>>> print(open('model-v2.cif').read())   # mmCIF, C-alpha atoms, pLDDT in the B column; chains and numbers go by the auth columns
data_coords
#
loop_
_atom_site.group_PDB
_atom_site.id
_atom_site.type_symbol
_atom_site.label_atom_id
_atom_site.label_comp_id
_atom_site.label_asym_id
_atom_site.label_seq_id
_atom_site.Cartn_x
_atom_site.Cartn_y
_atom_site.Cartn_z
_atom_site.B_iso_or_equiv
_atom_site.auth_seq_id
_atom_site.auth_asym_id
ATOM 1 C CA MET A 1 14.897 34.619 31.593 76.00 1 A
ATOM 2 C CA LYS A 2 16.408 31.853 33.704 88.00 2 A
ATOM 3 C CA ILE A 3 17.494 32.502 37.269 90.00 3 A
ATOM 4 C CA ARG A 4 21.230 32.818 37.781 89.00 4 A
ATOM 5 C CA PRO A 5 22.775 30.463 40.357 90.00 5 A
ATOM 6 C CA LYS A 6 23.981 33.372 42.532 92.00 6 A
ATOM 7 C CA TYR A 7 20.383 34.615 42.948 91.00 7 A
ATOM 8 C CA ARG A 8 19.091 31.094 43.548 86.00 8 A
ATOM 9 C CA LYS A 9 21.679 30.762 46.304 88.00 9 A
ATOM 10 C CA LYS A 10 20.815 34.188 47.749 90.00 10 A
ATOM 11 C CA TYR A 11 17.008 33.826 47.735 89.00 11 A
ATOM 12 C CA GLY A 12 16.491 30.062 47.748 86.00 12 A
ATOM 13 C CA LEU A 13 14.065 28.001 45.723 85.00 13 A
ATOM 14 C CA ILE A 14 11.059 29.863 47.137 93.00 14 A
ATOM 15 C CA PRO A 15 12.028 33.064 49.026 94.00 15 A
ATOM 16 C CA TYR A 16 8.912 33.013 51.227 95.00 16 A
ATOM 17 C CA ALA A 17 5.615 31.183 51.554 95.00 17 A
ATOM 18 C CA LEU A 18 2.092 32.229 52.469 95.00 18 A
ATOM 19 C CA ASN A 19 0.536 31.047 55.710 95.00 19 A
ATOM 20 C CA GLN A 20 -3.187 30.497 56.283 93.00 20 A
ATOM 21 C CA LEU A 21 -3.672 34.250 56.855 93.00 21 A
ATOM 22 C CA GLU A 22 -2.029 35.033 53.479 91.00 22 A
ATOM 23 C CA GLN A 23 0.973 36.565 55.250 91.00 23 A
ATOM 24 C CA ALA A 24 4.481 36.187 53.856 92.00 24 A
ATOM 25 C CA VAL A 25 6.649 33.944 56.033 94.00 25 A
ATOM 26 C CA MET A 26 10.403 33.563 55.602 93.00 26 A
ATOM 27 C CA PRO A 27 11.845 30.033 55.906 94.00 27 A
ATOM 28 C CA ASN A 28 13.822 30.884 59.057 92.00 28 A
ATOM 29 C CA ALA A 29 10.613 32.137 60.753 93.00 29 A
ATOM 30 C CA ALA A 30 8.451 29.209 59.619 94.00 30 A
ATOM 31 C CA ASN A 31 7.199 26.341 61.759 91.00 31 A
ATOM 32 C CA HIS A 32 7.213 22.688 60.613 88.00 32 A
ATOM 33 C CA ARG A 33 3.734 22.139 62.079 90.00 33 A
ATOM 34 C CA GLU A 34 2.018 24.847 60.007 93.00 34 A
ATOM 35 C CA SER A 35 0.877 24.611 56.402 95.00 35 A
ATOM 36 C CA TYR A 36 2.149 26.994 53.714 96.00 36 A
ATOM 37 C CA ARG A 37 1.482 27.750 50.062 96.00 37 A
ATOM 38 C CA CYS A 38 3.639 28.978 47.212 95.00 38 A
ATOM 39 C CA PRO A 39 3.060 32.715 46.615 94.00 39 A
ATOM 40 C CA GLU A 40 3.072 32.209 42.830 93.00 40 A
ATOM 41 C CA CYS A 41 1.254 28.958 41.986 93.00 41 A
ATOM 42 C CA LYS A 42 -0.654 28.732 45.321 94.00 42 A
ATOM 43 C CA ARG A 43 0.173 25.025 45.647 95.00 43 A
ATOM 44 C CA PRO A 44 1.250 23.546 49.004 95.00 44 A
ATOM 45 C CA VAL A 45 4.899 23.839 49.976 95.00 45 A
ATOM 46 C CA MET A 46 6.776 22.227 52.819 94.00 46 A
ATOM 47 C CA LEU A 47 9.479 23.516 55.078 94.00 47 A
ATOM 48 C CA ARG A 48 12.678 21.522 54.726 92.00 48 A
ATOM 49 C CA THR A 49 16.108 21.671 56.307 90.00 49 A
ATOM 50 C CA SER A 50 19.292 21.221 54.292 88.00 50 A
ATOM 51 C CA LYS A 51 22.349 19.235 55.366 88.00 51 A
ATOM 52 C CA LEU A 52 23.865 22.558 56.391 86.00 52 A
ATOM 53 C CA LYS A 53 20.866 23.130 58.728 88.00 53 A
ATOM 54 C CA ARG A 54 19.450 25.891 56.532 89.00 54 A
ATOM 55 C CA LYS A 55 15.652 26.038 56.275 92.00 55 A
ATOM 56 C CA PHE A 56 13.982 26.412 52.884 92.00 56 A
ATOM 57 C CA PHE A 57 10.609 25.945 51.206 93.00 57 A
ATOM 58 C CA ALA A 58 9.993 23.394 48.455 92.00 58 A
ATOM 59 C CA HIS A 59 6.871 22.329 46.587 93.00 59 A
ATOM 60 C CA ARG A 60 5.266 19.192 47.989 90.00 60 A
ATOM 61 C CA VAL A 61 4.617 17.865 44.490 88.00 61 A
ATOM 62 C CA LYS A 62 7.130 18.666 41.767 82.00 62 A
ATOM 63 C CA ARG A 63 5.196 20.605 39.118 81.00 63 A
ATOM 64 C CA TYR A 64 5.932 23.536 36.881 87.00 64 A
ATOM 65 C CA CYS A 65 6.057 26.812 38.830 92.00 65 A
ATOM 66 C CA LYS A 66 7.312 30.064 37.326 91.00 66 A
ATOM 67 C CA LEU A 67 8.837 31.086 40.652 92.00 67 A
ATOM 68 C CA GLU A 68 11.449 28.354 40.288 89.00 68 A
ATOM 69 C CA ARG A 69 12.292 29.191 36.666 90.00 69 A
ATOM 70 C CA SER A 70 11.779 32.876 35.855 91.00 70 A
ATOM 71 C CA SER A 71 13.991 35.691 37.130 92.00 71 A
ATOM 72 C CA SER A 72 11.148 38.187 36.518 91.00 72 A
ATOM 73 C CA VAL A 73 8.800 36.229 38.769 92.00 73 A
ATOM 74 C CA LEU A 74 11.479 35.791 41.423 94.00 74 A
ATOM 75 C CA ALA A 75 12.259 39.540 41.294 93.00 75 A
ATOM 76 C CA LYS A 76 8.557 40.360 41.716 93.00 76 A
ATOM 77 C CA HIS A 77 8.351 38.271 44.883 94.00 77 A
ATOM 78 C CA VAL A 78 11.674 39.514 46.249 94.00 78 A
ATOM 79 C CA LEU A 79 10.490 43.097 45.747 94.00 79 A
ATOM 80 C CA ARG A 80 7.151 42.322 47.423 93.00 80 A
ATOM 81 C CA LEU A 81 8.941 40.825 50.407 92.00 81 A
ATOM 82 C CA THR A 82 11.344 43.787 50.538 94.00 82 A
ATOM 83 C CA PHE A 83 8.443 46.260 50.513 94.00 83 A
ATOM 84 C CA GLU A 84 6.534 44.342 53.191 92.00 84 A
ATOM 85 C CA GLN A 85 9.574 44.228 55.476 91.00 85 A
ATOM 86 C CA TRP A 86 10.244 47.914 54.756 93.00 86 A
ATOM 87 C CA LEU A 87 6.652 48.828 55.675 93.00 87 A
ATOM 88 C CA LYS A 88 7.246 47.151 59.053 91.00 88 A
ATOM 89 C CA GLY A 89 10.260 49.419 59.594 91.00 89 A
ATOM 90 C CA LYS A 90 12.891 46.818 58.733 89.00 90 A
ATOM 91 C CA GLY A 91 15.647 47.245 56.174 84.00 91 A
ATOM 92 C CA ASP A 92 17.104 50.228 54.383 88.00 92 A
ATOM 93 C CA PRO A 93 15.070 52.995 52.716 90.00 93 A
ATOM 94 C CA ILE A 94 13.862 52.009 49.248 92.00 94 A
ATOM 95 C CA GLU A 95 14.930 54.547 46.663 91.00 95 A
ATOM 96 C CA VAL A 96 14.072 55.233 43.044 89.00 96 A
ATOM 97 C CA SER A 97 16.893 56.424 40.825 85.00 97 A
ATOM 98 C CA HIS A 98 15.958 58.042 37.519 77.00 98 A
ATOM 99 C CA PHE A 99 18.516 58.598 34.788 73.00 99 A
ATOM 100 C CA CYS A 100 20.608 61.752 35.465 71.00 100 A
ATOM 101 C CA GLN A 101 18.532 62.698 38.501 74.00 101 A
ATOM 102 C CA SER A 102 19.038 62.388 42.220 79.00 102 A
ATOM 103 C CA ARG A 103 17.604 59.433 44.096 86.00 103 A
ATOM 104 C CA GLN A 104 14.191 59.758 45.701 87.00 104 A
ATOM 105 C CA SER A 105 13.223 57.773 48.775 89.00 105 A
ATOM 106 C CA ILE A 106 9.772 56.257 48.603 89.00 106 A
ATOM 107 C CA PRO A 107 7.792 57.890 51.434 90.00 107 A
ATOM 108 C CA ARG A 108 6.928 55.093 53.864 90.00 108 A
ATOM 109 C CA GLU A 109 4.202 57.095 55.603 91.00 109 A
ATOM 110 C CA GLU A 110 2.180 57.287 52.371 90.00 110 A
ATOM 111 C CA ILE A 111 2.219 53.548 51.616 93.00 111 A
ATOM 112 C CA ALA A 112 -0.330 51.244 53.264 94.00 112 A
ATOM 113 C CA TYR A 113 0.302 47.921 51.522 93.00 113 A
ATOM 114 C CA VAL A 114 1.706 46.179 48.466 92.00 114 A
ATOM 115 C CA LYS A 115 -0.138 43.873 46.082 90.00 115 A
ATOM 116 C CA ILE A 116 1.051 41.426 43.434 87.00 116 A
ATOM 117 C CA ASN A 117 -0.750 41.255 40.085 74.00 117 A
ATOM 118 C CA SER A 118 -2.399 37.866 40.588 49.00 118 A
ATOM 119 C CA SER A 119 -5.454 39.427 42.241 47.00 119 A
ATOM 120 C CA MET A 120 -5.591 42.785 40.468 49.00 120 A
ATOM 121 C CA SER A 121 -8.342 44.121 38.297 53.00 121 A
ATOM 122 C CA SER A 122 -7.822 44.811 34.605 50.00 122 A
ATOM 123 C CA PRO A 123 -6.903 48.541 34.847 56.00 123 A
ATOM 124 C CA LEU A 124 -3.779 47.532 36.786 61.00 124 A
ATOM 125 C CA ALA A 125 -3.011 44.460 34.708 64.00 125 A
ATOM 126 C CA ALA A 126 0.050 46.188 33.219 68.00 126 A
ATOM 127 C CA ALA A 127 1.781 46.064 36.593 83.00 127 A
ATOM 128 C CA ASP A 128 3.445 43.132 38.315 88.00 128 A
ATOM 129 C CA LEU A 129 3.409 44.861 41.685 90.00 129 A
ATOM 130 C CA VAL A 130 1.500 47.914 42.973 90.00 130 A
ATOM 131 C CA LEU A 131 1.939 50.058 46.074 91.00 131 A
ATOM 132 C CA PHE A 132 -1.309 51.392 47.530 91.00 132 A
ATOM 133 C CA ASP A 133 -1.657 54.478 49.706 91.00 133 A
ATOM 134 C CA ASN A 134 -3.662 54.906 52.906 91.00 134 A
ATOM 135 C CA PHE A 135 -6.826 55.648 50.899 92.00 135 A
ATOM 136 C CA ASP A 136 -6.592 52.356 48.956 89.00 136 A
ATOM 137 C CA VAL A 137 -5.518 54.225 45.810 88.00 137 A
ATOM 138 C CA PRO A 138 -2.626 52.967 43.649 87.00 138 A
ATOM 139 C CA PHE A 139 0.453 55.019 44.502 86.00 139 A
ATOM 140 C CA ARG A 140 3.166 53.512 42.288 87.00 140 A
ATOM 141 C CA ALA A 141 3.315 50.439 40.043 87.00 141 A
ATOM 142 C CA PHE A 142 6.191 48.294 38.835 88.00 142 A
ATOM 143 C CA SER A 143 6.634 45.874 35.951 87.00 143 A
ATOM 144 C CA PHE A 144 9.561 43.643 34.976 86.00 144 A
ATOM 145 C CA ASP A 145 11.583 43.151 31.796 70.00 145 A
ATOM 146 C CA HIS A 146 9.278 44.495 29.031 59.00 146 A
ATOM 147 C CA ARG A 147 6.645 41.891 29.859 53.00 147 A
ATOM 148 C CA ASN A 148 3.670 44.213 30.112 48.00 148 A
ATOM 149 C CA ARG A 149 3.086 46.885 27.498 51.00 149 A
ATOM 150 C CA SER A 150 -0.612 47.658 27.955 51.00 150 A
ATOM 151 C CA VAL A 151 -1.912 51.059 29.014 49.00 151 A
ATOM 152 C CA SER A 152 -2.464 51.681 32.709 50.00 152 A
ATOM 153 C CA PRO A 153 -4.170 54.591 34.508 48.00 153 A
ATOM 154 C CA ILE A 154 -1.096 55.022 36.703 57.00 154 A
ATOM 155 C CA ALA A 155 2.531 55.268 35.683 69.00 155 A
ATOM 156 C CA VAL A 156 4.111 51.822 35.566 81.00 156 A
ATOM 157 C CA MET A 157 7.856 51.805 36.091 85.00 157 A
ATOM 158 C CA GLU A 158 9.512 48.983 34.199 87.00 158 A
ATOM 159 C CA LEU A 159 12.400 47.420 36.106 90.00 159 A
ATOM 160 C CA SER A 160 15.164 44.985 35.277 90.00 160 A
ATOM 161 C CA SER A 161 14.792 41.745 37.206 92.00 161 A
ATOM 162 C CA GLU A 162 18.589 41.427 37.347 92.00 162 A
ATOM 163 C CA GLU A 163 18.933 44.822 39.034 93.00 163 A
ATOM 164 C CA VAL A 164 16.152 44.115 41.525 94.00 164 A
ATOM 165 C CA LEU A 165 17.644 40.740 42.435 94.00 165 A
ATOM 166 C CA SER A 166 21.032 42.406 42.820 94.00 166 A
ATOM 167 C CA ASN A 167 19.718 45.228 45.059 94.00 167 A
ATOM 168 C CA PRO A 168 15.975 45.455 45.822 94.00 168 A
ATOM 169 C CA TYR A 169 16.495 48.715 47.749 93.00 169 A
ATOM 170 C CA LEU A 170 17.483 50.753 44.673 92.00 170 A
ATOM 171 C CA LEU A 171 14.989 50.763 41.799 91.00 171 A
ATOM 172 C CA SER A 172 15.954 52.147 38.398 87.00 172 A
ATOM 173 C CA PRO A 173 13.658 52.352 35.370 84.00 173 A
ATOM 174 C CA LEU A 174 14.534 50.028 32.527 80.00 174 A
ATOM 175 C CA TYR A 175 14.205 52.912 30.076 73.00 175 A
ATOM 176 C CA PRO A 176 16.241 56.060 30.830 65.00 176 A
ATOM 177 C CA ASN A 177 13.623 58.393 29.349 60.00 177 A
ATOM 178 C CA SER A 178 10.617 56.855 31.119 59.00 178 A
ATOM 179 C CA GLN A 179 8.759 59.468 33.099 57.00 179 A
ATOM 180 C CA THR A 180 7.044 58.572 36.333 60.00 180 A
ATOM 181 C CA PRO A 181 5.742 61.413 38.471 58.00 181 A
ATOM 182 C CA PRO A 182 7.730 62.454 41.551 57.00 182 A
ATOM 183 C CA PHE A 183 6.467 61.379 44.927 59.00 183 A
ATOM 184 C CA LYS A 184 3.868 63.605 46.584 53.00 184 A
ATOM 185 C CA SER A 185 6.198 64.554 49.404 46.00 185 A
ATOM 186 C CA ASP A 186 8.908 65.647 46.978 43.00 186 A
ATOM 187 C CA SER A 187 9.075 68.990 45.283 38.00 187 A
ATOM 188 C CA GLY A 188 10.242 67.191 42.172 38.00 188 A
ATOM 189 C CA PRO A 189 13.509 65.816 40.882 36.00 189 A
ATOM 190 C CA GLU A 190 16.552 67.945 41.458 35.00 190 A
ATOM 191 C CA GLN A 191 18.348 69.415 38.481 34.00 191 A
ATOM 192 C CA LEU A 192 21.895 68.232 37.992 33.00 192 A
ATOM 193 C CA SER A 193 24.552 70.892 38.178 34.00 193 A
ATOM 194 C CA LEU A 194 26.733 70.425 35.110 36.00 194 A
ATOM 195 C CA SER A 195 29.716 72.552 36.058 35.00 195 A
ATOM 196 C CA LEU A 196 31.612 71.598 32.903 34.00 196 A
ATOM 197 C CA PHE A 197 29.085 73.467 30.806 35.00 197 A
ATOM 198 C CA SER A 198 28.457 76.477 33.028 37.00 198 A
ATOM 199 C CA SER A 199 29.532 79.899 31.815 42.00 199 A
ATOM 200 C CA ASP A 200 31.295 81.034 35.007 42.00 200 A
#
>>> encode(input="model-v2.cif", output="structure tokens")
Amino acid sequence: MKIRPKYRKKYGLIPYALNQLEQAVMPNAANHRESYRCPECKRPVMLRTSKLKRKFFAHRVKRYCKLERSSSVLAKHVLRLTFEQWLKGKGDPIEVSHFCQSRQSIPREEIAYVKINSSMSSPLAAADLVLFDNFDVPFRAFSFDHRNRSVSPIAVMELSSEEVLSNPYLLSPLYPNSQTPPFKSDSGPEQLSLSLFSSD
């Protein structure tokens, strides 16, 4: 699916780039003297400044890159960046909202790092993005827009790229009846109190 102009304006052409240490760097924190690569195609990007003095990344050589054309790919990278900032203690809590259940905050203390699918082994190939715990074990996995339907050893939550681009701090499964296990620190999802149907 193509990227809507409002999301292109919000996140830019390339929301972040990778430095030589493979760390995500935002355009406003980047330095013109350093070299950077695109997080999707791994080709060199350059830091540019617009007429409005806004910094942004652009590919050095204009070639096809999914990050510039696909909302699913953009959402994957926006979510990765959101998780990485969140792990550093920046930003709001990231919550998961299941259909007809209360929101659950993802427990920050149990997450060590986040990985994108480009370097994952085949058992996790169904996921676009995976959170790993402190023991290097997959904790939770996410996929976008029905793209991956293969079987995975961990529950893969399918997300809408539109919803993630709209608000990366609130994640809702694409399918209302999809079941992903509650977080370890939770006692489980709360039951909704349907007072209209109670026999009081």
>>> closest_residue(input="model-v2.cif", among="A:Lys42, A:His32, A:Arg60, A:Arg80", to="Pro168 of chain A", atoms="all atoms listed in the file")
A:Arg80
>>> resolve_selection(input="model-v2.cif", expression="the PyMOL selection byres ((chain A and resi 113) around 8)", output="PDB file with C-alpha atoms, keeping the file's coordinate frame")
ATOM      1  CA  GLU A  84       6.534  44.342  53.191  1.00 92.00           C
ATOM      2  CA  LEU A  87       6.652  48.828  55.675  1.00 93.00           C
ATOM      3  CA  ILE A 111       2.219  53.548  51.616  1.00 93.00           C
ATOM      4  CA  ALA A 112      -0.330  51.244  53.264  1.00 94.00           C
ATOM      5  CA  VAL A 114       1.706  46.179  48.466  1.00 92.00           C
ATOM      6  CA  LYS A 115      -0.138  43.873  46.082  1.00 90.00           C
ATOM      7  CA  LEU A 131       1.939  50.058  46.074  1.00 91.00           C
ATOM      8  CA  PHE A 132      -1.309  51.392  47.530  1.00 91.00           C
ATOM      9  CA  ASP A 133      -1.657  54.478  49.706  1.00 91.00           C
TER      10      ASP A 133
END
>>> closest_residue(input="model-v2.cif", among="A:Val96, A:Met1, A:Ala75, A:Leu129", to="Glu163 of chain A", atoms="all atoms listed in the file")
A:Ala75
>>> resolve_selection(input="model-v2.cif", expression="the PyMOL selection byres ((chain A and resi 171) around 9)", output="JSON, numbers by chain")
{"A": [94, 95, 96, 97, 98, 159, 160, 163, 164, 167, 168, 169, 170, 172, 173]}
>>> residues_around(input="model-v2.cif", residues="Cys65 of chain A", least_positions_apart="6", cutoff="10 Å", atoms="all atoms listed in the file", output="JSON list (two decimals) with C-alpha atoms, keeping the file's coordinate frame")
[["chain", "number", "residue", "atom", "x", "y", "z"],
["A", 38, "CYS", "CA", 3.64, 28.98, 47.21],
["A", 40, "GLU", "CA", 3.07, 32.21, 42.83],
["A", 41, "CYS", "CA", 1.25, 28.96, 41.99],
["A", 42, "LYS", "CA", -0.65, 28.73, 45.32],
["A", 43, "ARG", "CA", 0.17, 25.02, 45.65],
["A", 59, "HIS", "CA", 6.87, 22.33, 46.59],
["A", 73, "VAL", "CA", 8.80, 36.23, 38.77]]
>>> closest_residue(input="model-v2.cif", among="A:Gly89, A:Phe135, A:Gln23, A:Lys76", to="Glu158 of chain A", atoms="all atoms listed in the file")
A:Lys76
>>> atom_distance(input="model-v2.cif", atom1="atom CA of Lys53 of chain A", atom2="atom CA of Glu22 of chain A")
26.3 Å
>>> atom_distance(input="model-v2.cif", atom1="atom CA of Phe144 of chain A", atom2="atom CA of Phe56 of chain A")
25.2 Å
>>> residues_around(input="model-v2.cif", residues="Val61 of chain A", least_positions_apart="2", cutoff="10 Å", atoms="all atoms listed in the file", output="number ranges by chain")
A: 43-46, 58-59, 63-64
>>> resolve_selection(input="model-v2.cif", expression="the PyMOL selection byres ((chain A and resi 70) around 10)", output="list of chain:residue names")
A:Met1, A:Lys2, A:Ile3, A:Arg4, A:Cys65, A:Lys66, A:Leu67, A:Glu68, A:Arg69, A:Ser71, A:Ser72, A:Val73, A:Leu74, A:Ala75, A:Ser161
>>> build_atoms(input="model-v2.cif", residues="segment 3-28 of chain A", atoms="N, CA and C atoms", output="compact mmCIF listing (two decimals), keeping the file's coordinate frame")
# COMPACT_ATOMS: atom_id res chain seq x y z
N ILE A 3 16.94 31.93 36.04
CA ILE A 3 17.49 32.50 37.27
C ILE A 3 18.96 32.11 37.39
N ARG A 4 19.81 33.09 37.61
CA ARG A 4 21.23 32.82 37.78
C ARG A 4 21.48 32.09 39.10
N PRO A 5 22.48 31.22 39.12
CA PRO A 5 22.78 30.46 40.36
C PRO A 5 23.05 31.35 41.58
N LYS A 6 23.68 32.51 41.38
CA LYS A 6 23.98 33.37 42.53
C LYS A 6 22.70 33.90 43.18
N TYR A 7 21.65 34.15 42.38
CA TYR A 7 20.38 34.62 42.95
C TYR A 7 19.61 33.45 43.56
N ARG A 8 19.73 32.28 42.97
CA ARG A 8 19.09 31.09 43.55
C ARG A 8 19.70 30.81 44.92
N LYS A 9 21.01 30.98 45.02
CA LYS A 9 21.68 30.76 46.30
C LYS A 9 21.28 31.84 47.32
N LYS A 10 21.15 33.07 46.86
CA LYS A 10 20.82 34.19 47.75
C LYS A 10 19.38 34.11 48.26
N TYR A 11 18.43 33.78 47.37
CA TYR A 11 17.01 33.83 47.74
C TYR A 11 16.37 32.46 47.94
N GLY A 12 17.05 31.39 47.58
CA GLY A 12 16.49 30.06 47.75
C GLY A 12 15.53 29.69 46.63
N LEU A 13 15.00 28.50 46.73
CA LEU A 13 14.06 28.00 45.72
C LEU A 13 12.77 28.81 45.74
N ILE A 14 12.25 29.05 46.93
CA ILE A 14 11.06 29.86 47.14
C ILE A 14 11.41 30.83 48.27
N PRO A 15 11.53 32.14 48.00
CA PRO A 15 12.03 33.06 49.03
C PRO A 15 11.14 33.19 50.26
N TYR A 16 9.85 32.98 50.11
CA TYR A 16 8.91 33.01 51.23
C TYR A 16 7.69 32.21 50.84
N ALA A 17 6.87 31.89 51.82
CA ALA A 17 5.62 31.18 51.55
C ALA A 17 4.49 31.93 52.25
N LEU A 18 3.27 31.60 51.86
CA LEU A 18 2.09 32.23 52.47
C LEU A 18 1.49 31.30 53.51
N ASN A 19 1.19 31.86 54.68
CA ASN A 19 0.54 31.05 55.71
C ASN A 19 -0.98 31.08 55.50
N GLN A 20 -1.73 30.56 56.44
CA GLN A 20 -3.19 30.50 56.28
C GLN A 20 -3.85 31.87 56.30
N LEU A 21 -3.15 32.88 56.83
CA LEU A 21 -3.67 34.25 56.86
C LEU A 21 -3.19 35.07 55.66
N GLU A 22 -2.57 34.39 54.68
CA GLU A 22 -2.03 35.03 53.48
C GLU A 22 -0.87 35.98 53.78
N GLN A 23 -0.19 35.76 54.89
CA GLN A 23 0.97 36.56 55.25
C GLN A 23 2.24 35.89 54.74
N ALA A 24 3.20 36.71 54.32
CA ALA A 24 4.48 36.19 53.86
C ALA A 24 5.31 35.73 55.06
N VAL A 25 5.84 34.51 54.96
CA VAL A 25 6.65 33.94 56.03
C VAL A 25 7.98 33.49 55.44
N MET A 26 9.06 33.97 56.03
CA MET A 26 10.40 33.56 55.60
C MET A 26 10.69 32.15 56.13
N PRO A 27 11.55 31.40 55.44
CA PRO A 27 11.84 30.03 55.91
C PRO A 27 12.38 29.97 57.34
N ASN A 28 13.24 30.93 57.71
CA ASN A 28 13.82 30.88 59.06
C ASN A 28 12.82 31.25 60.15
